[in-house]
Each structure stands twice: as structure tokens, then as C-alpha cells.
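Some notes on the structure that comes next.
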Amino acid sequence: MRVAPTLDRSLRIDAENATDWLILEMICTDASQMPDEPLADKLALYMAADEDWAELITPELADQFSSQIIHVSRSISTADKALDLTGSLFIKAEDANSWFGAINQARLSLEERFEISRFDDLAEEQDNLEFEDPALKAAIVRYHFYTSLQSILLEYILD
Amino acid sequence: MHHVQQMRLESPSTDFQTKTTTQTTTPWSVVIFDDPVNLMAYVTLILKRIFGYNKTQAEKLMLEVHNAGKSIVWTGEKEQAELYVQQLHCHQLKATIQKSQ
């Protein structure tokens with residue numbers, strides 16, 4: 001997979017095979033698997049003293065977070081793909097916030113499920129580390145891919 | 001203090017007004033908490049977008065959040081503070097309001 005900014009302030013993602021598309025789709029899968037309770041409810045705990053917050057603000061936030069995931073899912077599923085499953089996906093400036101939000105939800109979810117941050121100090125050595133749990137290893141790889149995608153979005157489109 | 005006590009004796013309604021005034025002018029602070037996921041550059045960007053801080057101010061506050069675990073990023077009226085927290089939550093940042101000390 002190749003990811004690069006374009007001259008018109010978009011981000012172009014070139015997928016080279018089915019695995020690349022699967023990795024992109026995992027953004028939505030991971031984002032949808034927030035453990036315990038939805039993200040909007042988790043954030044509402046910080047405003048628990050406000051009686052109206054959960055009733056008025058939380059549903060609106062939950063809708064917004066869901067919309068981000070749906071938006072990214074549609075972009076991936078409707079991207080032009082050749083028979084050999086090569087294809088390109090463009091993240092335009094107006095879509096960048098939705099993409100960033102969905103990817104952030106995916107990273108938050110992975111962090112909660114696997115505590116990825118405990119391996120932060122080992123980031124440079126991660127390629128050489130051997131994890132007994134293949135799910136954990138896959139989660140770490142996805143987490144770092146999502147982080148790279150967010151960094152590119154931030155540097156070239158959002159900021 | 002002395003002035004408020006004198007008003008209480010004169011009229012309960014005046015006392016109520018005095019209390020109301022005190023409550024509405026109590027400053028509230030917006031507090032952002034650190035988390036291991038949100039990127040430092042993203043927190044800086046959101047501080048610039050929501051509060052209108054310049055890059056230097058935003059980076060200073062972001063580093064305070066990162067190093068101290070939390071930071072007061074704005075102080076003012078309660079309603080505005082709540083609006084700011086709502087916007088911060090929209091960007092998936094952990095934030096709350098607290099009465100300013």
C-alpha cells in the first residue's frame with residue numbers, strides 16, 4: 001500500500017491487493033469494537049456532574065462518531081477497484097476530519113483492548129519482537145499503520 | 001462580606017439577587033486530560049481551532065497536558081466552558097469543567 005499527499009490537498013491511498021483493502025476496512029471494524037461502552041458514553045463520564053449532559057449531548061456525539069465510521073466504510077467500499085484488486089482511494093480535504101475521527105476511534109479501541117501504549121518504548125524494536133498472541137501482534141501493526149495515516153492527514157491536510 | 005450581611009437584614013429578595021450574581025460570575029475552567037492515543041500535534045491543532053490560540057500557546061498547553069496529565073486550558077463563564085468541552089469531546093479529547101480556584 002502506498003499513501004501520499006496530492007497537489008490538491010488530498011491524500012491518495014493506492015491499494016495493491018486484497019490484503020490492503022482488508023487493512024483499510026479494519027479501520028471501521030476496530031472503531032466499531034470499542035469495549036465496554038460507546039466512546040460518547042465514556043466521554044460523558046467526564047461531565048457526570050452535569051445532569052443534562054448524558055441526555056442532550058451524548059446522543060449527538062454518538063451519532064457523529066457513528067457517521068465518521070459509516071463515511072469511511074462507504075469510501076472504502078465504493079473506491080474503484082480493478083479485477084486484480086489494485087485501486088486508489090482519495091481522502092479529500094472536506095473528508096479528512098471524518099477519516100481522522102474514525103481512525104482515532106480505531107486507535108482508542110485498540111488501546112483499550114490491547115493496551116498498545118505499554119509497547120511504546122519498544123516501538124523501534126517492534127519488528128524484531130516476538131509476540132505469543134498473534135491478535136496482539138496484528139493489533140500493534142494496525143495501530144502503528146493508523147498512527148502513520150493520522151500523522152500524514154495532520155501534516156498535509158488538517159493543519 | 002459586611003455589605004452582604006446588611007442586605008440580608010433589609011430584604012430576603014435582595015439577598016437572593018446577591019447570591020445569584022455571585023454564582024453567575026464564578027469562573028469555571030476547562031480541563032483537558034492526557035491520554036495515550038491522541039497525537040500531540042492533533043491536541044495542538046484542536047487547541048488552536050477551538051480556543052483560537054496561536055501555535056506557541058497551544059503547544060505550551062499541549063505539553064502541560066502531556067507532562068502533568070492534565071491542564072486548565074481556558075477559564076471563563078460556565079456556559080461557554082460547557083460549549084468548549086462539548087467541542088473537545090467532538091474531537092475525542094477527554095475534558096471536563098471545574099470551578100476555578
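To be explicit about the labels: the chains of the C-alpha cells are called A, B, and onward in the order shown, and within each one the residues are counted from 1, while ligands get numbers from 1 in the order they are shown.
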Output as a short mmCIF file (atom, residue, chain, number, x, y, z; two decimals) with C-alpha atoms, in the first residue's frame all residues of chain A that backbone DSSP marks as helix (DSSP H, G or I).
data_model
loop_
_atom_site.label_atom_id
_atom_site.label_comp_id
_atom_site.auth_asym_id
_atom_site.auth_seq_id
_atom_site.Cartn_x
_atom_site.Cartn_y
_atom_site.Cartn_z
CA ALA A 18 -6.97 -7.69 -1.27
CA THR A 19 -4.93 -7.51 1.93
CA ASP A 20 -4.52 -3.74 1.57
CA TRP A 21 -8.28 -3.29 1.26
CA LEU A 22 -8.79 -5.56 4.25
CA ILE A 23 -6.40 -3.45 6.34
CA LEU A 24 -8.30 -0.31 5.36
CA GLU A 25 -11.62 -1.95 6.22
CA MET A 26 -10.18 -2.87 9.61
CA ILE A 27 -10.29 0.85 10.49
CA CYS A 28 -14.08 0.56 10.64
CA THR A 29 -14.04 -2.85 12.30
CA ASP A 30 -11.67 -1.69 15.03
CA ALA A 31 -13.55 1.59 15.50
CA SER A 32 -16.81 -0.33 15.94
CA LEU A 39 -16.97 6.36 23.14
CA ALA A 40 -19.62 9.05 23.63
CA ASP A 41 -20.63 7.42 26.93
CA LYS A 42 -17.02 7.19 28.05
CA LEU A 43 -16.53 10.90 27.37
CA ALA A 44 -19.78 11.72 29.18
CA LEU A 45 -18.27 10.34 32.39
CA TYR A 46 -16.05 13.43 32.44
CA MET A 47 -19.22 15.55 32.64
CA TRP A 53 -25.15 16.04 29.52
CA ALA A 54 -25.94 12.35 29.00
CA GLU A 55 -29.41 13.17 27.72
CA LEU A 56 -28.62 16.13 25.47
CA THR A 58 -24.14 12.19 24.38
CA PRO A 59 -26.64 11.04 21.71
CA GLU A 60 -25.46 13.80 19.38
CA LEU A 61 -21.83 12.77 19.89
CA ALA A 62 -22.69 9.09 19.39
CA ASP A 63 -24.33 9.97 16.06
CA GLN A 64 -21.30 11.96 14.99
CA PHE A 65 -18.90 9.14 15.84
CA SER A 66 -21.07 6.60 14.01
CA SER A 67 -21.26 8.88 10.97
CA GLN A 68 -17.47 9.02 10.80
CA ILE A 69 -17.24 5.24 10.67
CA ILE A 70 -20.03 4.96 8.09
CA HIS A 71 -18.38 7.63 5.93
CA VAL A 72 -15.03 5.81 5.89
CA SER A 73 -16.68 2.45 5.30
CA ARG A 74 -18.57 3.81 2.28
CA SER A 75 -15.43 5.47 0.88
CA ILE A 76 -13.58 2.16 1.03
CA SER A 77 -16.39 0.04 -0.36
CA THR A 78 -17.12 2.43 -3.25
CA ALA A 93 -9.81 17.90 2.48
CA GLU A 94 -13.53 18.03 3.31
CA ASP A 95 -13.47 14.34 4.27
CA ALA A 96 -10.29 14.49 6.31
CA ASN A 97 -11.97 15.18 9.66
CA SER A 98 -14.27 12.17 9.27
CA TRP A 99 -11.34 9.96 8.36
CA PHE A 100 -9.24 11.27 11.22
CA GLY A 101 -12.12 10.75 13.65
CA ALA A 102 -12.80 7.19 12.52
CA ILE A 103 -9.12 6.28 12.66
CA ASN A 104 -8.89 7.83 16.12
CA GLN A 105 -11.81 5.69 17.27
CA ALA A 106 -9.99 2.64 15.89
CA ARG A 107 -6.83 3.55 17.80
CA LEU A 108 -8.75 4.26 21.01
CA SER A 109 -10.47 0.90 20.66
CA LEU A 110 -7.19 -0.96 20.08
CA GLU A 111 -5.59 0.81 23.04
CA GLU A 112 -8.45 -0.22 25.31
CA ARG A 113 -8.49 -3.80 24.07
CA PHE A 114 -4.75 -4.45 23.91
CA ILE A 116 -0.83 -0.91 22.97
CA SER A 117 0.83 2.04 24.74
CA ARG A 118 2.70 -0.36 27.03
CA PHE A 119 4.86 -1.17 24.00
CA ASP A 120 5.60 2.49 23.16
CA ASP A 121 9.17 2.27 24.42
CA LEU A 122 9.71 -0.76 22.25
CA ALA A 123 8.30 0.83 19.10
CA GLU A 124 11.61 0.87 17.26
CA GLU A 125 12.20 -2.77 18.01
CA PRO A 134 -0.95 -13.19 17.12
CA ALA A 135 -4.00 -10.99 17.73
CA LEU A 136 -1.84 -8.64 19.78
CA LYS A 137 0.85 -8.54 17.11
CA ALA A 138 -1.74 -7.77 14.42
CA ALA A 139 -3.27 -5.08 16.65
CA ILE A 140 0.12 -3.41 17.13
CA VAL A 141 0.79 -3.41 13.39
CA ARG A 142 -2.64 -1.90 12.66
CA TYR A 143 -2.24 0.66 15.46
CA HIS A 144 1.02 1.92 14.01
CA PHE A 145 -0.40 1.98 10.49
CA TYR A 146 -3.37 4.04 11.71
CA THR A 147 -1.00 6.38 13.56
CA SER A 148 1.03 6.92 10.38
CA LEU A 149 -2.13 7.63 8.41
CA GLN A 150 -3.24 10.17 11.02
CA SER A 151 0.17 11.84 11.02
CA ILE A 152 0.04 12.27 7.24
CA LEU A 153 -3.51 13.64 7.44
CA LEU A 154 -2.41 16.10 10.10
CA GLU A 155 0.71 17.25 8.32
CA TYR A 156 -0.64 17.64 4.81
CA ILE A 157 -4.38 18.25 5.10
CA LEU A 158 -5.72 19.17 8.52
#
Contact check, chain B to chain A, at most 8 Å, counting only C-alpha atoms, closest pairs as a Markdown table:
| residue | atom | partner | partner_atom | distance |
| --- | --- | --- | --- | --- |
| B:Pro36 | CA | A:Ser117 | CA | 6.3 |
| B:Val37 | CA | A:Leu108 | CA | 6.2 |
| B:Asn38 | CA | A:Asn104 | CA | 7.4 |
| B:Ala41 | CA | A:Leu154 | CA | 7.6 |
| B:Tyr42 | CA | A:Leu154 | CA | 7.0 |
| B:Leu45 | CA | A:Asp159 | CA | 6.6 |
| B:Gln86 | CA | A:Ile57 | CA | 7.4 |
| B:His89 | CA | A:Leu43 | CA | 6.5 |
| B:Cys90 | CA | A:Leu61 | CA | 6.4 |
| B:His91 | CA | A:Gly101 | CA | 7.2 |
| B:Gln92 | CA | A:Leu43 | CA | 7.7 |
| B:Lys94 | CA | A:Leu43 | CA | 6.2 |
| B:Ala95 | CA | A:Tyr46 | CA | 6.3 |
| B:Thr96 | CA | A:Tyr46 | CA | 5.3 |
| B:Ile97 | CA | A:Met47 | CA | 7.4 |
For Lys78 of chain B: contacts at 7 Å, only C-alpha atoms, fewer than 4 positions along chain excluded, given as a list of chain:residue names: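 Returned residues: B:Pro27, B:Trp28, B:Glu82.
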Go ahead and save the residues from that selection, with N, CA, C and O atoms, as a tab-separated table (two decimals), in the first residue's frame.
chain	number	residue	atom	x	y	z
B	27	PRO	N	-15.95	32.01	38.02
B	27	PRO	CA	-15.31	31.47	36.80
B	27	PRO	C	-15.18	29.95	36.82
B	27	PRO	O	-15.01	29.36	37.88
B	28	TRP	N	-15.30	29.37	35.67
B	28	TRP	CA	-15.15	27.93	35.50
B	28	TRP	C	-13.98	27.66	34.55
B	28	TRP	O	-13.73	28.46	33.64
B	82	GLU	N	-18.82	24.88	29.07
B	82	GLU	CA	-19.52	23.65	28.66
B	82	GLU	C	-19.49	23.48	27.14
B	82	GLU	O	-19.32	22.37	26.64
For atom CA of Val43 of chain B and atom CA of Ser29 of chain B, the interatomic separation in Å (one decimal): 17.6 Å
Nearest candidate to Ala79 of chain A (options A:Asp52, A:Ser10, A:Ile91, A:Met34; using only C-alpha atoms): A:Ile91
Interatomic distance (Å, one decimal) between atom CA of Met40 of chain B and atom CA of Asp14 of chain A: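 We find that atom CA of Met40 of chain B and atom CA of Asp14 of chain A lie 27.2 Å from each other.
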Among the residues B:Thr25, B:Asn67, B:Thr44, B:Gln98, the one that comes closest to Ala81 of chain B [using only C-alpha atoms]: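 Nearest to Ala81 of chain B: B:Gln98.
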